[in-house]
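> As input, take entry31.cif (mmCIF, N, CA and C atoms):
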data_target
loop_
_atom_site.label_atom_id
_atom_site.label_comp_id
_atom_site.auth_asym_id
_atom_site.auth_seq_id
_atom_site.Cartn_x
_atom_site.Cartn_y
_atom_site.Cartn_z
N MET A 1 25.54 12.08 7.53
CA MET A 1 24.61 12.95 8.17
C MET A 1 25.08 13.20 9.60
N LEU A 2 25.42 14.42 9.92
CA LEU A 2 25.85 14.77 11.27
C LEU A 2 24.65 15.12 12.12
N ALA A 3 24.70 14.75 13.36
CA ALA A 3 23.59 15.01 14.26
C ALA A 3 24.10 15.76 15.47
N ARG A 4 23.33 16.72 15.90
CA ARG A 4 23.61 17.39 17.15
C ARG A 4 22.91 16.58 18.23
N ILE A 5 23.65 16.18 19.24
CA ILE A 5 23.10 15.31 20.28
C ILE A 5 23.01 16.08 21.59
N ALA A 6 21.87 15.96 22.23
CA ALA A 6 21.68 16.55 23.56
C ALA A 6 21.20 15.45 24.48
N ARG A 7 21.85 15.28 25.60
CA ARG A 7 21.40 14.30 26.59
C ARG A 7 20.78 15.05 27.76
N VAL A 8 19.61 14.60 28.14
CA VAL A 8 18.88 15.24 29.21
C VAL A 8 18.49 14.17 30.21
N SER A 9 18.79 14.39 31.48
CA SER A 9 18.32 13.49 32.52
C SER A 9 17.14 14.16 33.20
N THR A 10 16.03 13.45 33.28
CA THR A 10 14.85 14.01 33.92
C THR A 10 14.40 13.08 35.03
N ARG A 11 13.99 13.66 36.12
CA ARG A 11 13.51 12.89 37.26
C ARG A 11 12.12 12.36 36.94
N VAL A 12 11.91 11.09 37.15
CA VAL A 12 10.58 10.50 36.95
C VAL A 12 10.15 9.82 38.22
N LEU A 13 8.86 9.77 38.44
CA LEU A 13 8.35 9.09 39.61
C LEU A 13 8.40 7.59 39.40
N PRO A 14 8.87 6.83 40.39
CA PRO A 14 8.91 5.38 40.23
C PRO A 14 7.49 4.82 40.11
N ARG A 15 7.35 3.78 39.30
CA ARG A 15 6.07 3.10 39.14
C ARG A 15 6.26 1.64 39.52
N SER A 16 5.36 1.15 40.33
CA SER A 16 5.49 -0.23 40.77
C SER A 16 5.26 -1.23 39.64
N SER A 17 4.63 -0.79 38.55
CA SER A 17 4.31 -1.71 37.46
C SER A 17 5.45 -1.91 36.48
N ARG A 18 6.58 -1.24 36.67
CA ARG A 18 7.72 -1.44 35.77
C ARG A 18 9.00 -1.51 36.60
N PRO A 19 10.05 -2.05 36.02
CA PRO A 19 11.32 -2.11 36.75
C PRO A 19 11.81 -0.71 37.07
N SER A 20 12.47 -0.57 38.19
CA SER A 20 12.97 0.73 38.60
C SER A 20 14.05 1.23 37.65
N THR A 21 14.01 2.52 37.33
CA THR A 21 15.07 3.16 36.56
C THR A 21 15.90 4.04 37.48
N ARG A 22 15.80 3.78 38.76
CA ARG A 22 16.49 4.55 39.79
C ARG A 22 16.10 6.02 39.74
N GLY A 23 14.88 6.28 39.29
CA GLY A 23 14.36 7.64 39.33
C GLY A 23 14.77 8.53 38.17
N PHE A 24 15.50 8.02 37.20
CA PHE A 24 15.95 8.86 36.10
C PHE A 24 15.67 8.22 34.75
N SER A 25 15.36 9.06 33.78
CA SER A 25 15.30 8.64 32.39
C SER A 25 16.39 9.38 31.64
N VAL A 26 17.08 8.70 30.78
CA VAL A 26 18.09 9.34 29.94
C VAL A 26 17.47 9.52 28.56
N ILE A 27 17.39 10.76 28.14
CA ILE A 27 16.77 11.11 26.86
C ILE A 27 17.87 11.62 25.93
N THR A 28 17.94 11.05 24.73
CA THR A 28 18.89 11.52 23.71
C THR A 28 18.09 12.14 22.58
N ARG A 29 18.48 13.36 22.20
CA ARG A 29 17.80 14.08 21.11
C ARG A 29 18.78 14.27 19.97
N LEU A 30 18.36 13.90 18.76
CA LEU A 30 19.20 14.00 17.57
C LEU A 30 18.55 14.92 16.55
N HIS A 31 19.41 15.54 15.74
CA HIS A 31 18.93 16.44 14.68
C HIS A 31 18.03 17.52 15.28
N THR A 32 18.64 18.34 16.11
CA THR A 32 17.90 19.36 16.85
C THR A 32 18.00 20.75 16.21
N GLU A 33 18.45 20.81 14.95
CA GLU A 33 18.67 22.09 14.29
C GLU A 33 17.37 22.87 14.08
N HIS A 34 16.27 22.18 13.87
CA HIS A 34 14.99 22.85 13.63
C HIS A 34 14.58 23.60 14.90
N PRO A 35 14.08 24.82 14.77
CA PRO A 35 13.75 25.60 15.97
C PRO A 35 12.59 25.04 16.79
N ASN A 36 11.76 24.19 16.19
CA ASN A 36 10.56 23.72 16.88
C ASN A 36 10.61 22.27 17.36
N MET A 37 11.64 21.51 16.95
CA MET A 37 11.58 20.08 17.26
C MET A 37 12.92 19.40 17.06
N SER A 38 13.00 18.19 17.58
CA SER A 38 14.08 17.25 17.27
C SER A 38 13.53 16.28 16.23
N GLN A 39 14.38 15.77 15.36
CA GLN A 39 13.94 14.75 14.40
C GLN A 39 13.82 13.38 15.06
N THR A 40 14.71 13.12 16.03
CA THR A 40 14.73 11.82 16.70
C THR A 40 14.90 12.03 18.19
N VAL A 41 14.10 11.33 18.98
CA VAL A 41 14.25 11.33 20.44
C VAL A 41 14.29 9.87 20.88
N VAL A 42 15.30 9.54 21.68
CA VAL A 42 15.44 8.17 22.19
C VAL A 42 15.34 8.21 23.71
N ASN A 43 14.41 7.45 24.26
CA ASN A 43 14.35 7.25 25.70
C ASN A 43 15.19 6.01 25.98
N GLU A 44 16.40 6.24 26.48
CA GLU A 44 17.35 5.15 26.70
C GLU A 44 16.88 4.20 27.80
N SER A 45 16.07 4.71 28.74
CA SER A 45 15.59 3.87 29.84
C SER A 45 14.57 2.85 29.37
N THR A 46 13.77 3.21 28.36
CA THR A 46 12.75 2.29 27.85
C THR A 46 13.12 1.72 26.49
N ASN A 47 14.29 2.14 25.97
CA ASN A 47 14.74 1.71 24.64
C ASN A 47 13.68 1.96 23.57
N THR A 48 13.12 3.16 23.62
CA THR A 48 12.08 3.56 22.67
C THR A 48 12.58 4.72 21.83
N VAL A 49 12.34 4.64 20.51
CA VAL A 49 12.76 5.66 19.55
C VAL A 49 11.52 6.35 19.00
N TYR A 50 11.53 7.67 19.05
CA TYR A 50 10.43 8.48 18.52
C TYR A 50 10.97 9.31 17.37
N LEU A 51 10.36 9.20 16.20
CA LEU A 51 10.75 10.04 15.07
C LEU A 51 9.68 11.09 14.83
N ALA A 52 10.12 12.29 14.49
CA ALA A 52 9.18 13.33 14.07
C ALA A 52 8.55 12.89 12.76
N GLY A 53 7.44 13.49 12.42
CA GLY A 53 6.83 13.22 11.13
C GLY A 53 7.81 13.52 10.01
N GLN A 54 8.00 12.55 9.12
CA GLN A 54 8.95 12.70 8.02
C GLN A 54 8.20 13.04 6.74
N VAL A 55 8.71 14.03 6.03
CA VAL A 55 8.14 14.46 4.76
C VAL A 55 9.22 14.35 3.68
N PRO A 56 8.83 14.31 2.42
CA PRO A 56 9.83 14.20 1.36
C PRO A 56 10.63 15.48 1.20
N ASP A 57 11.81 15.35 0.63
CA ASP A 57 12.61 16.52 0.26
C ASP A 57 12.21 17.01 -1.12
N ASP A 58 11.80 16.08 -1.98
CA ASP A 58 11.43 16.41 -3.36
C ASP A 58 9.91 16.46 -3.48
N TYR A 59 9.36 17.66 -3.43
CA TYR A 59 7.92 17.84 -3.48
C TYR A 59 7.34 17.60 -4.87
N LYS A 60 8.20 17.46 -5.88
CA LYS A 60 7.71 17.26 -7.24
C LYS A 60 7.35 15.79 -7.53
N LEU A 61 7.76 14.90 -6.65
CA LEU A 61 7.44 13.47 -6.83
C LEU A 61 5.95 13.22 -6.64
N ASP A 62 5.45 12.14 -7.25
CA ASP A 62 4.07 11.74 -7.03
C ASP A 62 3.97 11.05 -5.66
N ALA A 63 2.78 10.61 -5.30
CA ALA A 63 2.57 10.03 -3.97
C ALA A 63 3.46 8.81 -3.72
N LYS A 64 3.63 7.96 -4.73
CA LYS A 64 4.50 6.79 -4.56
C LYS A 64 5.94 7.22 -4.34
N GLY A 65 6.41 8.15 -5.14
CA GLY A 65 7.78 8.63 -5.01
C GLY A 65 8.03 9.30 -3.67
N GLN A 66 7.08 10.14 -3.23
CA GLN A 66 7.22 10.79 -1.93
C GLN A 66 7.22 9.76 -0.80
N THR A 67 6.36 8.76 -0.91
CA THR A 67 6.31 7.73 0.14
C THR A 67 7.62 6.95 0.20
N LYS A 68 8.17 6.57 -0.95
CA LYS A 68 9.47 5.88 -0.97
C LYS A 68 10.54 6.73 -0.31
N GLU A 69 10.56 8.02 -0.62
CA GLU A 69 11.57 8.91 -0.04
C GLU A 69 11.40 9.03 1.47
N VAL A 70 10.17 9.18 1.93
CA VAL A 70 9.90 9.29 3.36
C VAL A 70 10.32 8.01 4.09
N LEU A 71 9.99 6.86 3.55
CA LEU A 71 10.34 5.59 4.21
C LEU A 71 11.85 5.36 4.21
N ALA A 72 12.54 5.83 3.19
CA ALA A 72 14.01 5.74 3.18
C ALA A 72 14.60 6.63 4.29
N LYS A 73 14.01 7.80 4.50
CA LYS A 73 14.46 8.67 5.60
C LYS A 73 14.24 7.99 6.95
N ILE A 74 13.10 7.34 7.10
CA ILE A 74 12.81 6.62 8.34
C ILE A 74 13.83 5.50 8.55
N ASP A 75 14.12 4.73 7.51
CA ASP A 75 15.14 3.68 7.61
C ASP A 75 16.46 4.25 8.09
N SER A 76 16.87 5.37 7.53
CA SER A 76 18.15 5.99 7.87
C SER A 76 18.17 6.48 9.32
N LEU A 77 17.11 7.16 9.74
CA LEU A 77 17.05 7.68 11.11
C LEU A 77 17.01 6.55 12.13
N LEU A 78 16.27 5.49 11.85
CA LEU A 78 16.24 4.35 12.77
C LEU A 78 17.60 3.67 12.85
N ALA A 79 18.25 3.48 11.71
CA ALA A 79 19.57 2.84 11.70
C ALA A 79 20.59 3.64 12.50
N GLU A 80 20.46 4.94 12.46
CA GLU A 80 21.38 5.82 13.17
C GLU A 80 21.39 5.57 14.67
N VAL A 81 20.27 5.07 15.21
CA VAL A 81 20.18 4.82 16.65
C VAL A 81 20.10 3.32 16.97
N GLY A 82 20.42 2.49 15.99
CA GLY A 82 20.47 1.05 16.24
C GLY A 82 19.13 0.34 16.18
N SER A 83 18.19 0.89 15.43
CA SER A 83 16.89 0.26 15.28
C SER A 83 16.61 0.03 13.79
N ASP A 84 15.46 -0.55 13.50
CA ASP A 84 15.06 -0.74 12.10
C ASP A 84 13.55 -0.96 12.04
N LYS A 85 13.04 -1.07 10.82
CA LYS A 85 11.59 -1.16 10.62
C LYS A 85 10.98 -2.43 11.23
N SER A 86 11.77 -3.45 11.50
CA SER A 86 11.23 -4.65 12.14
C SER A 86 10.87 -4.40 13.60
N LYS A 87 11.30 -3.27 14.13
CA LYS A 87 11.03 -2.93 15.53
C LYS A 87 9.99 -1.83 15.67
N LEU A 88 9.30 -1.50 14.58
CA LEU A 88 8.26 -0.47 14.65
C LEU A 88 7.16 -0.89 15.61
N LEU A 89 6.71 0.06 16.42
CA LEU A 89 5.60 -0.16 17.34
C LEU A 89 4.34 0.54 16.85
N GLN A 90 4.52 1.74 16.29
CA GLN A 90 3.38 2.57 15.90
C GLN A 90 3.76 3.39 14.69
N ALA A 91 2.78 3.63 13.82
CA ALA A 91 2.97 4.53 12.68
C ALA A 91 1.73 5.39 12.52
N GLN A 92 1.95 6.64 12.18
CA GLN A 92 0.87 7.56 11.84
C GLN A 92 1.17 8.07 10.44
N VAL A 93 0.21 7.95 9.56
CA VAL A 93 0.38 8.34 8.16
C VAL A 93 -0.65 9.41 7.84
N TRP A 94 -0.17 10.50 7.27
CA TRP A 94 -1.06 11.57 6.80
C TRP A 94 -0.92 11.65 5.29
N VAL A 95 -2.04 11.68 4.59
CA VAL A 95 -2.04 11.87 3.14
C VAL A 95 -2.83 13.13 2.82
N LYS A 96 -2.37 13.85 1.81
CA LYS A 96 -3.04 15.09 1.44
C LYS A 96 -4.45 14.81 0.93
N THR A 97 -4.59 13.74 0.17
CA THR A 97 -5.90 13.37 -0.35
C THR A 97 -6.04 11.85 -0.32
N MET A 98 -7.22 11.39 0.01
CA MET A 98 -7.45 9.94 0.04
C MET A 98 -7.35 9.34 -1.36
N ASP A 99 -7.35 10.17 -2.38
CA ASP A 99 -7.13 9.66 -3.74
C ASP A 99 -5.76 8.99 -3.87
N ASP A 100 -4.80 9.40 -3.02
CA ASP A 100 -3.45 8.83 -3.04
C ASP A 100 -3.27 7.69 -2.04
N PHE A 101 -4.31 7.38 -1.29
CA PHE A 101 -4.19 6.39 -0.22
C PHE A 101 -3.75 5.02 -0.75
N GLY A 102 -4.30 4.59 -1.87
CA GLY A 102 -3.91 3.30 -2.45
C GLY A 102 -2.45 3.26 -2.85
N ALA A 103 -1.96 4.35 -3.45
CA ALA A 103 -0.56 4.43 -3.87
C ALA A 103 0.37 4.40 -2.65
N VAL A 104 0.00 5.15 -1.62
CA VAL A 104 0.81 5.17 -0.39
C VAL A 104 0.82 3.78 0.24
N ASN A 105 -0.34 3.13 0.31
CA ASN A 105 -0.42 1.79 0.89
C ASN A 105 0.39 0.77 0.09
N GLU A 106 0.40 0.90 -1.22
CA GLU A 106 1.18 -0.03 -2.05
C GLU A 106 2.66 0.03 -1.69
N ILE A 107 3.19 1.24 -1.55
CA ILE A 107 4.60 1.40 -1.19
C ILE A 107 4.82 0.96 0.25
N TRP A 108 3.91 1.32 1.15
CA TRP A 108 4.02 0.92 2.56
C TRP A 108 4.10 -0.60 2.66
N GLN A 109 3.19 -1.31 1.98
CA GLN A 109 3.13 -2.76 2.08
C GLN A 109 4.39 -3.43 1.54
N SER A 110 5.02 -2.82 0.55
CA SER A 110 6.27 -3.39 0.02
C SER A 110 7.46 -3.09 0.94
N TRP A 111 7.30 -2.11 1.83
CA TRP A 111 8.39 -1.69 2.71
C TRP A 111 8.29 -2.32 4.10
N VAL A 112 7.11 -2.33 4.69
CA VAL A 112 6.95 -2.76 6.08
C VAL A 112 7.32 -4.24 6.23
N ASP A 113 7.90 -4.58 7.39
CA ASP A 113 8.23 -5.98 7.69
C ASP A 113 6.92 -6.73 7.90
N PRO A 114 6.59 -7.70 7.03
CA PRO A 114 5.29 -8.36 7.12
C PRO A 114 5.09 -9.17 8.41
N ASP A 115 6.17 -9.54 9.07
CA ASP A 115 6.07 -10.28 10.32
C ASP A 115 6.03 -9.38 11.55
N ASN A 116 6.25 -8.08 11.35
CA ASN A 116 6.34 -7.15 12.48
C ASN A 116 5.65 -5.83 12.15
N LYS A 117 4.41 -5.91 11.70
CA LYS A 117 3.67 -4.70 11.34
C LYS A 117 3.30 -3.93 12.61
N PRO A 118 3.48 -2.60 12.59
CA PRO A 118 3.11 -1.79 13.75
C PRO A 118 1.62 -1.51 13.77
N VAL A 119 1.12 -1.00 14.89
CA VAL A 119 -0.21 -0.41 14.86
C VAL A 119 -0.10 0.83 13.98
N ARG A 120 -1.19 1.19 13.30
CA ARG A 120 -1.07 2.29 12.34
C ARG A 120 -2.40 3.01 12.21
N ALA A 121 -2.31 4.31 12.06
CA ALA A 121 -3.47 5.13 11.71
C ALA A 121 -3.10 5.90 10.46
N ALA A 122 -4.06 6.09 9.58
CA ALA A 122 -3.84 6.87 8.36
C ALA A 122 -5.04 7.78 8.16
N VAL A 123 -4.76 9.06 7.94
CA VAL A 123 -5.84 10.04 7.78
C VAL A 123 -5.50 11.03 6.67
N GLU A 124 -6.53 11.65 6.15
CA GLU A 124 -6.36 12.74 5.20
C GLU A 124 -6.12 14.01 6.00
N ALA A 125 -5.19 14.85 5.54
CA ALA A 125 -4.86 16.05 6.30
C ALA A 125 -4.35 17.16 5.40
N ASN A 126 -4.56 18.40 5.84
CA ASN A 126 -3.89 19.53 5.20
C ASN A 126 -2.44 19.50 5.63
N MET A 127 -1.54 19.65 4.68
CA MET A 127 -0.11 19.56 4.97
C MET A 127 0.48 20.95 5.19
N ALA A 128 1.67 20.97 5.80
CA ALA A 128 2.35 22.24 6.08
C ALA A 128 2.77 22.96 4.80
N HIS A 129 2.98 22.22 3.72
CA HIS A 129 3.30 22.79 2.41
C HIS A 129 2.33 22.17 1.40
N PRO A 130 1.81 22.95 0.47
CA PRO A 130 0.78 22.42 -0.44
C PRO A 130 1.24 21.28 -1.35
N ASP A 131 2.55 21.11 -1.56
CA ASP A 131 3.04 20.05 -2.44
C ASP A 131 3.44 18.77 -1.71
N ILE A 132 3.34 18.77 -0.39
CA ILE A 132 3.60 17.54 0.37
C ILE A 132 2.36 16.67 0.26
N LEU A 133 2.56 15.43 -0.18
CA LEU A 133 1.45 14.50 -0.37
C LEU A 133 1.34 13.47 0.75
N VAL A 134 2.44 13.24 1.48
CA VAL A 134 2.44 12.23 2.53
C VAL A 134 3.42 12.62 3.63
N GLU A 135 3.07 12.28 4.86
CA GLU A 135 3.94 12.45 6.02
C GLU A 135 3.76 11.21 6.89
N VAL A 136 4.87 10.72 7.45
CA VAL A 136 4.82 9.51 8.27
C VAL A 136 5.61 9.74 9.55
N LEU A 137 5.00 9.41 10.68
CA LEU A 137 5.63 9.47 11.99
C LEU A 137 5.66 8.05 12.54
N VAL A 138 6.79 7.64 13.13
CA VAL A 138 6.87 6.30 13.71
C VAL A 138 7.47 6.33 15.11
N VAL A 139 7.12 5.30 15.87
CA VAL A 139 7.72 5.00 17.16
C VAL A 139 8.23 3.57 17.04
N ALA A 140 9.45 3.33 17.53
CA ALA A 140 10.05 2.00 17.41
C ALA A 140 10.78 1.62 18.69
N ALA A 141 10.96 0.34 18.88
CA ALA A 141 11.85 -0.14 19.93
C ALA A 141 13.28 0.00 19.42
N LYS A 142 14.21 0.11 20.35
CA LYS A 142 15.62 0.27 19.95
C LYS A 142 16.25 -1.08 19.74
#
Let me see the file written as structure tokens.


Amino acid sequence: MLARIARVSTRVLPRSSRPSTRGFSVITRLHTEHPNMSQTVVNESTNTVYLAGQVPDDYKLDAKGQTKEVLAKIDSLLAEVGSDKSKLLQAQVWVKTMDDFGAVNEIWQSWVDPDNKPVRAAVEANMAHPDILVEVLVVAAK
């Protein structure tokens, strides 16, 4: 998987509550081909990884299959920047219908690191495509 990388230095105001970054944050953006977003953004100054909401490629799969595919994509994107699911800080899960919530949770529980569970919210939502059953967004430490 090839990634287009853009590095952006942005001036930030120093905060007395954190170590100085000498006034700059280094931001790395990966997979920027989409006109509206990057798939991965890494704040190198805070060693934080932000992933866009991940959806399945195969819309014909059931909720369990779509969830497995989405979590595999998350594993791959995190590995690409030197992170993994044991470093998850936050997860947001959207399901098309709460009827699939149990199936999504079953796959989630078999995937998530039981010793390093992130904070998580899960809600029912209208999806961007009618056949998408689940979308997951995560934030992780690097």

> Apply DSSP to the structure's backbone, then extract all residues of range 41-118 of chain A labelled helix (DSSP H, G or I) and return them as a ChimeraX atom specification.

/A:63-80,85-87,98-111

> Skip Pro130 in chain A itself and residues of its chain fewer than 2 positions away, then list as a ChimeraX atom specification all residues within 12 Å of it, counting only C-alpha atoms.

/A:59-60,95-97,125-128,132-134

> Interatomic distance between atom C of His31 in chain A and atom N of Asp131 in chain A?

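Result for atom C of His31 in chain A versus atom N of Asp131 in chain A: 23.2 Å, one decimal.
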
> Find, counting only N, CA and C atoms, the residue in A:Ala122, A:Ala141, A:Met37, A:Ala52 that gets nearest to Gly82 in chain A.

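Under the stated criterion, the closest residue is A:Ala141.
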
> Which value, in Å to one decimal, gives the distance between CA of Leu88 in chain A and atom N of Thr46 in chain A?

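Atom N of Thr46 in chain A lies 15.2 Å from CA of Leu88 in chain A.
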
> Find the distance between CA of Asp100 in chain A and CA of Asp58 in chain A and write it in Å to one decimal.

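Value for the CA of Asp100 in chain A-CA of Asp58 in chain A distance: 16.7 Å.
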
> Just want the 8 Å neighbourhood of Gln54 in chain A, counted on all atoms listed in the file, with same-chain residues fewer than 4 positions away dropped. Output as a PyMOL selection string.

chain A and resi 69-71+73-74+134-138

> Can you list, as a PyMOL selection string, all residues belonging to chain A that DSSP tags as strand (DSSP E or B)?

chain A and resi 6-11+24-30+40-43+48-51+54+88-95+119-124+134-141

> Name every residue that the PyMOL selection byres (((chain A and resi 38 and name CA) around 10) and name CA) selects in this structure, writing the answer as JSON, numbers by chain with chains first and numbers rising.

{"A": [4, 5, 6, 28, 29, 30, 31, 32, 33, 34, 35, 36, 37, 39, 40, 41, 50, 51, 52]}

> Applying the PyMOL selection byres (((chain A and resi 45 and name CA) around 9) and name CA) to the file I just gave you, which residues come out? Please list them as a ChimeraX atom specification.

/A:21,24-27,42-44,46-48

> Restricting the calculation to all atoms listed in the file: of A:Leu77, A:Val139, A:Val112, A:Ile107, which residue gets closest to Lys64 in chain A?

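Using all atoms listed in the file, the shortest distance to Lys64 in chain A belongs to A:Ile107.
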
> Looking at only N, CA and C atoms, which of A:Val119, A:Val104, A:Val49, A:Ala140 is the one that sits closest to Ala63 in chain A?

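Counting only N, CA and C atoms, the residue closest to Ala63 in chain A is A:Val104.
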
> Enclose range 98-114 of chain A, meaning all of its atoms listed in the file, in a box aligned along x, y and z, pad it by 6 Å on each side, and list the centre and edge lengths in Å to one decimal, as AutoDock Vina command-line options.


--center_x 0.5 --center_y 1.1 --center_z 2.3 --size_x 27.8 --size_y 32.6 --size_z 24.3

> Expand the PyMOL selection byres ((chain A and resi 118) around 5) into the individual residues it matches in the shown file, reporting them as a list in words.

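Residues picked by the PyMOL selection byres ((chain A and resi 118) around 5): Leu88, Leu89, Gln90, Asn116, Lys117, Val119 and Arg120 of chain A.
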